[in-house]
Amino acid sequence: MLDYVGLEADLDREERMIRDTARRFVDEQVRPDVGEHFENGTFPTELIPEMGDLGFYAPNLDGYGLPNVSETAYGLLMQELEAGDSGLRSMASVQGALVMYPIHAFGSEAQKDEWLPELATGEAVGCFGLTEPEHGSDPAAMETRAVRDGDEYVLNGSKTWITNSPIADVAVVWARDRSAADDGETGPVRGFLVETDRDGVTTNEIEEKLSLRASITGEIGLQDVRVPDSNVLPGVEGMKGPLSCLTQARYGIAWGAVGAARDCFETAREYAGDREQFGGPIARFQLQQGKLAEMATQITTSQLLAHRLAELKERGELRPQQVSMAKRNNVRMARDQSRVAREILGGNGITTDYPPMRHMANMETVYTYEGTHDIHTLILGEDLTGVAAYE
Ligand SMILES: Cc1cc2nc3c(=O)[nH]c(=O)nc-3n(C[C@H](O)[C@H](O)[C@H](O)COP(=O)(O)OP(=O)(O)OC[C@H]3O[C@@H](n4cnc5c(N)ncnc54)[C@H](O)[C@@H]3O)c2cc1C
C-alpha cells in the first residue's frame, strides 16, 4: 500500500491493529460485493452489526463502553473503510461523528445511557437531519421548527439528503425552538432525538442517485411530531451544535478520501503492470508513469495533511478551519485522481469490476456533502482575510 514517506512506521500497536482489522474487513466482507451493491443502489445492511462488533462506530470517544482510541487510529479506520467504498465510510461517519458524538457531547446522562451502547454495537442506527429542501449550504436559514406544548415539543418541517434515514431508529434533528424566540419567529437551533417510529415521522428513500449508490439516503418528514422535552439535547444551543458535529465528520472525510484515492492508485499501478499493449506492459510508457507519479505525490501530500490534523486533534488544538482545508484539499485530490486512475484502466475502467469509476462517482457526493468545496473555500477565505464572503 502506498505510504511513500513512511508515515505508517510511526504508528503504535493499537493503530496498526485497527488499520489491519479494517483493511481485512474491507477485503473479505466488502470488496467481493460492493460493485454489485453500487449497481443495485443498496447498502450491505448485514454488515452494520459486524461493524459495531469490530468497534467502527465512534471508537475515538470515551466512556459508555467506547474505547477512546487515538485520533490517528480513528483516521486510519476511516481511510480503510473509504478504500472499500465511500458508502461504508459514510455509514461509520454518520453513526459515530454525527449521531453518537452529539449525544456524547451534548446529551443528558439518560440519553447517553439509552443510545450510546446500542449505537456503538449497531443494534440501533442513527441519522443526522440538518439539510432541508430549500436550505443546504446555509443551514442556519432552516425552517424546521419546534414549539413547546406542556412537557413536549411539537416538530414540523422536512429534511432531505439524509444518509441512513430510511433505516434509522433515531434521528438527530436540528430545528428552531420557536417557543424560545424573542420575536416568536426564529428562535435558537436545538438538537432533538426523534425516534423514527413516532407518529408523524416519514423517511422516504431517495433512489435516483448516480453517486454514493452503495449507501441509503432519504428524507425526514416531520408532521406534528411530539417528543418529550427529555429528547432535547440539553448541552448546546445555536448553530454551534450541528457545526461541531460536522467538524468531527469532516475530519474523518479528510482521511477517508485518501483511502479512496489510494485504492484507485493501487488498482491503476497493478493494472499498468499487467496490461500489455504494443508488445509490453503499459507501465513502461512515460505517459502512464507520469500519471502514477502525480497520483502518488498528490496522495502522499494529502496523507501528510491528515496525519498532521490527527496530531493537532489529539492535542485539542485543531481548528475547524484547518479541517476545512483538509476536507477541501483531500476530496478534490481524490476526485481528480480517481479520474486519472480510470483513464489508466482504459475501457475496463468504466465498469464496476474495478473500483476507480465507482470511487470517482462517489467523490461527487463527498465533494458536495459536509460543506461543499466552495463553502470550504469561503471558510478559508474568511479565516485568511477576516472578511466573510458568503452573502
Ligand atoms: C448522498 C448525500 C448524502 C447526504 N447526507 C446528509 C446527511 O446525512 N445529513 C444532512 O443533513 N445532509 C446530508 N447531505 C446534504 C449535503 O450536506 C448538502 O447537499 C450540501 O450541504 C449542499 O447543499 P445543497 O445540495 O442544497 O446545495 P446548495 O447549497 O444549493 O449549493 C448549490 C451550489 O451553490 C454553491 N453555493 C452555495 N452557497 C454559496 C456561496 N455562498 N458562495 C458560492 N457558492 C455557493 C455550492 O457550493 C453548490 O455548488 C447529503 C448529500 C448527499 C448528496
# chains A, B, ... in the order shown; residues from 1 in each chain; ligands from 1
call {"tool": "closest_atom_pairs", "arguments": {"of": "chain A", "to": "ligand 1", "cutoff": "6 Å", "atoms": "only C-alpha atoms and all ligand atoms", "output": "Markdown table"}}
result
| residue | atom | partner | partner_atom_place_in_ligand_line | distance |
| --- | --- | --- | --- | --- |
| A:Phe128 | CA | ligand 1 | 9 (N) | 4.9 |
| A:Gly129 | CA | ligand 1 | 11 (O) | 4.4 |
| A:Leu130 | CA | ligand 1 | 11 (O) | 3.5 |
| A:Thr131 | CA | ligand 1 | 11 (O) | 3.9 |
| A:His135 | CA | ligand 1 | 26 (O) | 5.6 |
| A:Gly136 | CA | ligand 1 | 26 (O) | 3.2 |
| A:Ser137 | CA | ligand 1 | 29 (O) | 3.6 |
| A:Trp161 | CA | ligand 1 | 50 (C) | 4.4 |
| A:Ile162 | CA | ligand 1 | 8 (O) | 3.8 |
| A:Thr163 | CA | ligand 1 | 8 (O) | 3.8 |
| A:Leu212 | CA | ligand 1 | 1 (C) | 5.8 |
| A:Thr365 | CA | ligand 1 | 53 (C) | 4.8 |
| A:Thr368 | CA | ligand 1 | 20 (C) | 5.4 |
| A:Tyr369 | CA | ligand 1 | 17 (O) | 3.7 |
| A:Glu370 | CA | ligand 1 | 17 (O) | 4.6 |
| A:Gly371 | CA | ligand 1 | 21 (O) | 5.0 |
| A:Thr372 | CA | ligand 1 | 47 (O) | 4.9 |
| A:Asp374 | CA | ligand 1 | 47 (O) | 4.3 |
| A:Ile375 | CA | ligand 1 | 47 (O) | 5.6 |
| A:Tyr390 | CA | ligand 1 | 41 (N) | 3.9 |
| A:Glu391 | CA | ligand 1 | 41 (N) | 5.5 |
call {"tool": "select_by_dssp", "arguments": {"residues": "region 187-333 of chain A", "states": "strand (DSSP E)", "output": "list in words"}}
result
Val189, Arg190, Gly191, Phe192, Leu193, Val194, Glu195, Val201, Thr202, Thr217, Gly218, Glu219, Ile220, Gly221, Leu222, Gln223, Asp224, Val225, Arg226, Val227, Pro228, Glu276, Gln277, Gly280 and Pro281 of chain A
call {"tool": "closest_residue", "arguments": {"among": "A:Leu81, A:Ala388, A:Val225, A:Val94", "to": "Arg148 (chain A)", "atoms": "only C-alpha atoms"}}
result
A:Val225
call {"tool": "atom_distance", "arguments": {"atom1": "CA of Leu11 (chain A)", "atom2": "CA of Glu71 (chain A)"}}
result
11.5 Å
call {"tool": "closest_residue", "arguments": {"among": "A:Asp182, A:Leu88, A:Gly221, A:Val189", "to": "Thr160 (chain A)", "atoms": "only C-alpha atoms"}}
result
A:Gly221
call {"tool": "select_by_dssp", "arguments": {"residues": "region 9-195 of chain A", "states": "helix (DSSP H, G or I)", "output": "number ranges by chain"}}
result
A: 9-10, 13-40, 47-53, 71-84, 86-106, 109-121, 139-141, 165-167, 178-180
call {"tool": "residues_around", "arguments": {"residues": "region 43-46 of chain A", "least_positions_apart": "5", "cutoff": "7 Å", "atoms": "only C-alpha atoms", "output": "count of residues only"}}
result
4
call {"tool": "residues_around", "arguments": {"residues": "region 168-177 of chain A", "least_positions_apart": "6", "cutoff": "6 Å", "atoms": "only C-alpha atoms", "output": "PDB file with N, CA and C atoms, in the first residue's frame"}}
result
ATOM      1  N   ALA A 124     -28.728  -0.264  17.097  1.00  0.00           N
ATOM      2  CA  ALA A 124     -29.548   0.869  16.646  1.00  0.00           C
ATOM      3  C   ALA A 124     -28.761   1.636  15.592  1.00  0.00           C
ATOM      4  N   VAL A 125     -29.508   2.196  14.625  1.00  0.00           N
ATOM      5  CA  VAL A 125     -28.891   3.007  13.576  1.00  0.00           C
ATOM      6  C   VAL A 125     -29.399   4.440  13.738  1.00  0.00           C
ATOM      7  N   GLY A 126     -28.494   5.391  13.580  1.00  0.00           N
ATOM      8  CA  GLY A 126     -28.876   6.793  13.708  1.00  0.00           C
ATOM      9  C   GLY A 126     -28.685   7.549  12.407  1.00  0.00           C
ATOM     10  N   CYS A 127     -29.331   8.710  12.320  1.00  0.00           N
ATOM     11  CA  CYS A 127     -29.093   9.611  11.185  1.00  0.00           C
ATOM     12  C   CYS A 127     -29.098  11.044  11.681  1.00  0.00           C
ATOM     13  N   PHE A 128     -28.657  11.953  10.826  1.00  0.00           N
ATOM     14  CA  PHE A 128     -28.401  13.346  11.207  1.00  0.00           C
ATOM     15  C   PHE A 128     -29.168  14.248  10.260  1.00  0.00           C
ATOM     16  N   GLY A 129     -30.159  14.925  10.766  1.00  0.00           N
ATOM     17  CA  GLY A 129     -31.026  15.731   9.907  1.00  0.00           C
ATOM     18  C   GLY A 129     -30.763  17.217  10.026  1.00  0.00           C
ATOM     19  N   LEU A 130     -29.963  17.722   9.106  1.00  0.00           N
ATOM     20  CA  LEU A 130     -29.691  19.168   9.089  1.00  0.00           C
ATOM     21  C   LEU A 130     -30.202  19.792   7.785  1.00  0.00           C
ATOM     22  N   THR A 144     -37.356  24.085   9.728  1.00  0.00           N
ATOM     23  CA  THR A 144     -37.908  23.088  10.661  1.00  0.00           C
ATOM     24  C   THR A 144     -38.006  23.715  12.050  1.00  0.00           C
ATOM     25  N   ARG A 145     -39.169  23.547  12.653  1.00  0.00           N
ATOM     26  CA  ARG A 145     -39.422  24.270  13.901  1.00  0.00           C
ATOM     27  C   ARG A 145     -39.965  23.345  14.980  1.00  0.00           C
ATOM     28  N   ALA A 146     -39.699  23.751  16.212  1.00  0.00           N
ATOM     29  CA  ALA A 146     -40.202  23.018  17.382  1.00  0.00           C
ATOM     30  C   ALA A 146     -40.942  24.028  18.254  1.00  0.00           C
ATOM     31  N   GLY A 187     -35.929  31.855  16.847  1.00  0.00           N
ATOM     32  CA  GLY A 187     -35.564  31.012  17.991  1.00  0.00           C
ATOM     33  C   GLY A 187     -34.268  30.285  17.740  1.00  0.00           C
ATOM     34  N   PRO A 188     -33.603  29.827  18.809  1.00  0.00           N
ATOM     35  CA  PRO A 188     -32.307  29.161  18.660  1.00  0.00           C
ATOM     36  C   PRO A 188     -32.441  27.762  18.047  1.00  0.00           C
ATOM     37  N   VAL A 189     -31.400  27.347  17.355  1.00  0.00           N
ATOM     38  CA  VAL A 189     -31.357  25.976  16.820  1.00  0.00           C
ATOM     39  C   VAL A 189     -31.074  25.030  17.988  1.00  0.00           C
ATOM     40  N   ARG A 190     -31.846  23.953  18.063  1.00  0.00           N
ATOM     41  CA  ARG A 190     -31.599  22.941  19.096  1.00  0.00           C
ATOM     42  C   ARG A 190     -31.652  21.548  18.462  1.00  0.00           C
ATOM     43  N   GLY A 191     -31.028  20.609  19.152  1.00  0.00           N
ATOM     44  CA  GLY A 191     -31.000  19.229  18.653  1.00  0.00           C
ATOM     45  C   GLY A 191     -32.059  18.390  19.363  1.00  0.00           C
ATOM     46  N   PHE A 192     -32.803  17.620  18.588  1.00  0.00           N
ATOM     47  CA  PHE A 192     -33.865  16.768  19.130  1.00  0.00           C
ATOM     48  C   PHE A 192     -33.596  15.322  18.729  1.00  0.00           C
ATOM     49  N   LEU A 193     -33.727  14.413  19.683  1.00  0.00           N
ATOM     50  CA  LEU A 193     -33.621  12.990  19.353  1.00  0.00           C
ATOM     51  C   LEU A 193     -35.021  12.508  19.004  1.00  0.00           C
ATOM     52  N   VAL A 194     -35.201  12.163  17.742  1.00  0.00           N
ATOM     53  CA  VAL A 194     -36.532  11.785  17.268  1.00  0.00           C
ATOM     54  C   VAL A 194     -36.508  10.316  16.862  1.00  0.00           C
ATOM     55  N   GLU A 195     -37.208   9.473  17.615  1.00  0.00           N
ATOM     56  CA  GLU A 195     -37.315   8.068  17.236  1.00  0.00           C
ATOM     57  C   GLU A 195     -38.164   8.011  15.961  1.00  0.00           C
ATOM     58  N   THR A 196     -37.704   7.219  14.979  1.00  0.00           N
ATOM     59  CA  THR A 196     -38.369   7.285  13.676  1.00  0.00           C
ATOM     60  C   THR A 196     -39.710   6.550  13.657  1.00  0.00           C
TER      61      THR A 196
END
call {"tool": "atom_distance", "arguments": {"atom1": "CA of Leu61 (chain A)", "atom2": "CA of Arg250 (chain A)"}}
result
16.0 Å
call {"tool": "closest_residue", "arguments": {"among": "A:Ala254, A:Leu380, A:Ala341, A:Leu155", "to": "Ala326 (chain A)", "atoms": "only C-alpha atoms"}}
result
A:Ala254
call {"tool": "residues_around", "arguments": {"residues": "Thr351 (chain A)", "least_positions_apart": "6", "cutoff": "9 Å", "atoms": "only C-alpha atoms", "output": "ChimeraX atom specification"}}
result
/A:35,357-358
call {"tool": "closest_residue", "arguments": {"among": "A:Val26, A:Met325, A:Glu207, A:Glu219", "to": "Leu309 (chain A)", "atoms": "only C-alpha atoms"}}
result
A:Met325
